[in-house]
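A short write-up of the structure that comes next.
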Amino acid sequence: MISKHNRFNRRNHVRYVYRKGQFIRSKYWSLNYISKPVDKSYKLAVVVSKKVSKRAVVRNRIRRRLFESVRQSHQVIPPGVEVIITVYDESVANMPQAELDKLLGVSVDRIRLQ
RNA sequence: CAAGAUCGUCAGGCAGUCGCCCCUCAGACACUGCCCAACACUCAAGAAUCAGGUGUUAGGUAGUGUCUGAGGGGAGGAAAGUCCGGGCUGCGCAGGAUACAACAGUCGCUAACGGCGACCGCACGUAAAAGUGUAGGGAAAGUGCCACAGAAACAAUACUACCCUGCACAGGUCUGCAAUUUGAUAAUUACAGACCUGUGCAGGGAAAAGCUGAAAAGAGUGAGGUAAGAGCUCACAGCUGAGCUUGGUGACAAGUUCAGGAGGUAAACCCUGUUGGCAGCAAGGGGUUGGCUCGCUUAAAGCUAUCCGCUAGAGUCUUCCAGGAACCGCUCGAGCCUAUCAGCAAUGAUAUGCCCAGAUAGAUGGCUGCUCAACGACAGAACCCGGCUUAUCGAUGGUCUUGCUAA
């Protein structure tokens, strides 16, 4: 799990990012993000709807794995960027770690390019 | 040891590494409050001193925040479904009646329950046993319903078939008499009477039978009775209800006396009894100033649907302070462990010890290695408890019954 500094702390702010931010789509998830240069650290949220899995245990596991993959600096989100990862597929819960890191790295790198 | 039944317990382990949430302690820094010392100014005047006030600097102390370090704690038996019950909070009081809803054997347990335990009744189960289930008030207060099929679905009649009597017709048998034929016996025909059979009509009887259906009139045996029969009558047995006796706290059981003739359905209405005020942690939580509107016994407002009773305030705007997507409620509780005692048990009492998640885009984890039969089922707290129901890979302990073997 990541520190409170890197989490979102307001419910309405998620809606703001969804509405105003930019959007990247990939096979298992999509990224909505917005840049706020004032902040010194990035912010990250993971959204897993009940459509993905009805079991809370599975949804929790997906969320934790994605947080951990970002935290352990396999990929670097630039400071001041707020990102929401919306997951589409239940198979993220049991995907091998190397593959998860690789796919997530591709998505995060596309933020830097734009 | 085997088979059957039943009651529990656990819910992978270890190590490495990188993290998250809460609490406690220590240190550093920042801010705020208070205390104290020195100095300056002020009070303050012609001058000096003391007390008071203000500011600066240094120190102490308390609180808050950030960072660092150390220590402690961190999902479940169902955390789930949200089906019952309670605590807690608000609604001024929580009072009554009706409506509405839920429940229904007895005794006990519990904060309470629609839950639990023991027992009773009924049903099931086994070769026998151990056991299992139970949607358990009233159908003899009344109303309704009983599809399809069937003669008929609770009302006694009708229907099919049955029995008895009478009349008519047809046939048969017997008897009597007449006519014809014959020598005679005899034969044929007609008529009358009796009996039998069949058909039709009329009157009466009504028990058994009628292939259906979930269910069929609901009284089993014997005797009497009758044209034949029939609870038509009687006796006995069984059932139901009431009374009495004995046993039991009680449901009830056993016995006995009297009465009765009754289909099912109450998860149809209904009747009887018991219980329930409404909303829910998005509950709810501060002081203060001044107005305006309505009302003050013909009660505005109110706590549900209606009524009664009860209360003199209620609603709304606004000033200032406090607060600032915050904080409190928020986790010490009908709490947990162990032992003893009471009780068949559910459960209760006493004693020692313990503190055991509290997040808020929401912590309790990610990865790697070893290990185990097994990558480990079902599954993630959200105010808190007691139950119920549903999901669940497996591992393991006890108890009971029966059988076999050995001592």
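By order in the structure tokens, chains are A, B, ...; within a chain, residues start at 1; ligands start at 1, following the order shown.
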
Could you write out, as a tab-separated table (two decimals) with C-alpha atoms, in the first residue's frame, all the residues of chain A that DSSP marks as strand (DSSP E)?
chain	number	residue	atom	x	y	z
A	22	GLN	CA	-6.53	12.95	-20.33
A	23	PHE	CA	-7.20	9.33	-21.12
A	24	ILE	CA	-5.08	6.32	-22.11
A	25	ARG	CA	-6.66	2.97	-22.92
A	29	TRP	CA	-7.07	-1.02	-17.66
A	30	SER	CA	-7.29	2.61	-18.61
A	31	LEU	CA	-5.56	5.68	-17.16
A	32	ASN	CA	-7.11	9.06	-16.53
A	33	TYR	CA	-4.58	11.66	-15.48
A	34	ILE	CA	-4.11	15.39	-15.00
A	35	SER	CA	-1.00	17.45	-14.29
A	43	LYS	CA	-1.27	10.97	-6.57
A	44	LEU	CA	-2.69	7.59	-7.51
A	45	ALA	CA	-6.08	5.88	-7.25
A	46	VAL	CA	-7.25	2.50	-8.48
A	47	VAL	CA	-10.90	1.91	-9.37
A	48	VAL	CA	-12.23	-1.64	-9.57
A	81	VAL	CA	0.57	14.18	-11.84
A	82	GLU	CA	-2.69	12.69	-10.56
A	83	VAL	CA	-3.57	9.28	-12.04
A	84	ILE	CA	-6.65	7.05	-11.82
A	85	ILE	CA	-6.32	3.47	-13.00
A	86	THR	CA	-9.66	1.93	-13.93
A	87	VAL	CA	-9.45	-1.86	-14.17

If DSSP is run on the backbone, what residues of chain A are helix (DSSP H, G or I)? A reply as number ranges by chain would be ideal. A: 4-6, 11-20, 56-71, 90-94, 97-113

Stretch 89-99 of chain A surroundings by only C-alpha atoms (C1' of nucleotides), 7 Å radius, close-in-sequence under 5 positions cut, as a PyMOL selection string: chain A and resi 28+52-53+58+61-62

Dump of N, CA and C atoms for the selected residues, as a tab-separated table (two decimals), in the first residue's frame:
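Okay, again.tsv is ready:
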chain	number	residue	atom	x	y	z
A	28	TYR	N	-6.06	-4.16	-20.25
A	28	TYR	CA	-6.63	-4.55	-18.97
A	28	TYR	C	-7.16	-3.38	-18.15
A	52	VAL	N	-16.18	-6.09	-12.47
A	52	VAL	CA	-14.96	-6.87	-12.68
A	52	VAL	C	-15.04	-8.17	-11.89
A	53	SER	N	-15.40	-8.07	-10.60
A	53	SER	CA	-15.57	-9.26	-9.78
A	53	SER	C	-16.54	-8.93	-8.67
A	58	VAL	N	-11.20	-10.33	-4.29
A	58	VAL	CA	-10.53	-10.20	-5.58
A	58	VAL	C	-10.29	-8.75	-5.92
A	61	ARG	N	-7.40	-7.42	-3.99
A	61	ARG	CA	-6.12	-7.94	-4.46
A	61	ARG	C	-5.64	-7.18	-5.70
A	62	ILE	N	-6.55	-6.90	-6.60
A	62	ILE	CA	-6.19	-6.13	-7.80
A	62	ILE	C	-5.67	-4.76	-7.41

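Distances here use only C-alpha atoms (C1' of nucleotides); by that measure, the residue among B:C393, B:A363, B:A38, B:C355 closest to chain A is B:A363.
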
Can you list every residue of chain B that has an atom at most 9 Å from chain A, with its nearest atom pair and the distance in Å to one decimal, using only C-alpha atoms (C1' of nucleotides), ordered by chain then number, as JSON lines?
{"residue": "B:C18", "atom": "C1'", "partner": "A:Gln72", "partner_atom": "CA", "distance": 7.2}
{"residue": "B:G19", "atom": "C1'", "partner": "A:Met1", "partner_atom": "CA", "distance": 6.2}
{"residue": "B:C20", "atom": "C1'", "partner": "A:Met1", "partner_atom": "CA", "distance": 5.1}
{"residue": "B:A325", "atom": "C1'", "partner": "A:Arg10", "partner_atom": "CA", "distance": 7.4}
{"residue": "B:A361", "atom": "C1'", "partner": "A:Phe8", "partner_atom": "CA", "distance": 6.2}
{"residue": "B:A363", "atom": "C1'", "partner": "A:Met1", "partner_atom": "CA", "distance": 8.3}
{"residue": "B:G365", "atom": "C1'", "partner": "A:Met1", "partner_atom": "CA", "distance": 6.5}
{"residue": "B:G366", "atom": "C1'", "partner": "A:Glu68", "partner_atom": "CA", "distance": 5.6}
{"residue": "B:C367", "atom": "C1'", "partner": "A:Gln97", "partner_atom": "CA", "distance": 8.0}
{"residue": "B:A379", "atom": "C1'", "partner": "A:Val57", "partner_atom": "CA", "distance": 7.0}
{"residue": "B:G380", "atom": "C1'", "partner": "A:Val57", "partner_atom": "CA", "distance": 5.8}

What's around B:C83 at 12 Å? Count only C-alpha atoms (C1' of nucleotides), leave out sequence neighbours fewer than 3 positions away in its own chain, and write the answer as a PyMOL selection string. chain B and resi 114+387-390

Test item: residues at most 12 Å from B:G92, only C-alpha atoms (C1' of nucleotides), excluding those fewer than 6 positions along its chain, as a compact mmCIF listing (two decimals) with C-alpha atoms (C1' of nucleotides), in the first residue's frame:
# COMPACT_ATOMS: atom_id res chain seq x y z
C1' A B 301 -46.73 22.50 16.62
C1' G B 302 -46.11 17.23 17.72
C1' C B 303 -44.02 10.50 17.14
C1' C B 310 -50.91 15.13 27.48
C1' U B 311 -47.46 19.43 26.93
C1' A B 312 -47.31 26.58 26.19
C1' G B 313 -44.60 27.24 23.15
C1' A B 314 -43.43 26.31 17.83

Would you please work out which residue, of A:Val70, A:Lys20, A:His5, A:Ser49, is nearest to A:Leu103 when using only C-alpha atoms? A:Val70

For stretch 152-159 of chain B, please output as a PyMOL selection string all residues within 9 Å (counting only C-alpha atoms (C1' of nucleotides); exclusion window: fewer than 6 positions along the same chain). chain B and resi 146+215-217+263

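Counting only C-alpha atoms (C1' of nucleotides), B:C354 has the following residues at most 10 Å away, ignoring those fewer than 2 positions along the same chain: C336, C337 and C356 of chain B.
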
Output N, CA and C atoms (P, O5', C5', C4', C3', O3' and C1' of nucleotides) for every residue in that selection, as a JSON list (two decimals), in the first residue's frame.
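File written: part-v3.json
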[["chain", "number", "residue", "atom", "x", "y", "z"],
["B", 336, "C", "P", -17.26, -13.03, 25.89],
["B", 336, "C", "O5'", -15.70, -13.29, 25.86],
["B", 336, "C", "C5'", -14.98, -13.29, 24.64],
["B", 336, "C", "C4'", -13.48, -13.36, 24.89],
["B", 336, "C", "C3'", -13.03, -14.53, 25.74],
["B", 336, "C", "O3'", -12.93, -15.73, 24.99],
["B", 336, "C", "C1'", -11.97, -12.55, 26.49],
["B", 337, "C", "P", -13.13, -17.13, 25.72],
["B", 337, "C", "O5'", -11.80, -17.30, 26.54],
["B", 337, "C", "C5'", -10.55, -17.47, 25.88],
["B", 337, "C", "C4'", -9.42, -17.58, 26.87],
["B", 337, "C", "C3'", -9.59, -18.66, 27.93],
["B", 337, "C", "O3'", -9.25, -19.94, 27.42],
["B", 337, "C", "C1'", -8.83, -16.66, 28.94],
["B", 356, "C", "P", -4.36, -4.42, 23.15],
["B", 356, "C", "O5'", -4.75, -5.85, 22.55],
["B", 356, "C", "C5'", -4.70, -6.11, 21.17],
["B", 356, "C", "C4'", -6.10, -6.50, 20.61],
["B", 356, "C", "C3'", -7.19, -5.52, 21.13],
["B", 356, "C", "O3'", -8.12, -5.12, 20.11],
["B", 356, "C", "C1'", -7.72, -7.77, 21.71]]

Residue with the minimum atom-to-atom distance to B:C119, picked from B:C252, B:C67, B:C281, B:C370 with only C-alpha atoms (C1' of nucleotides) counted, is B:C252
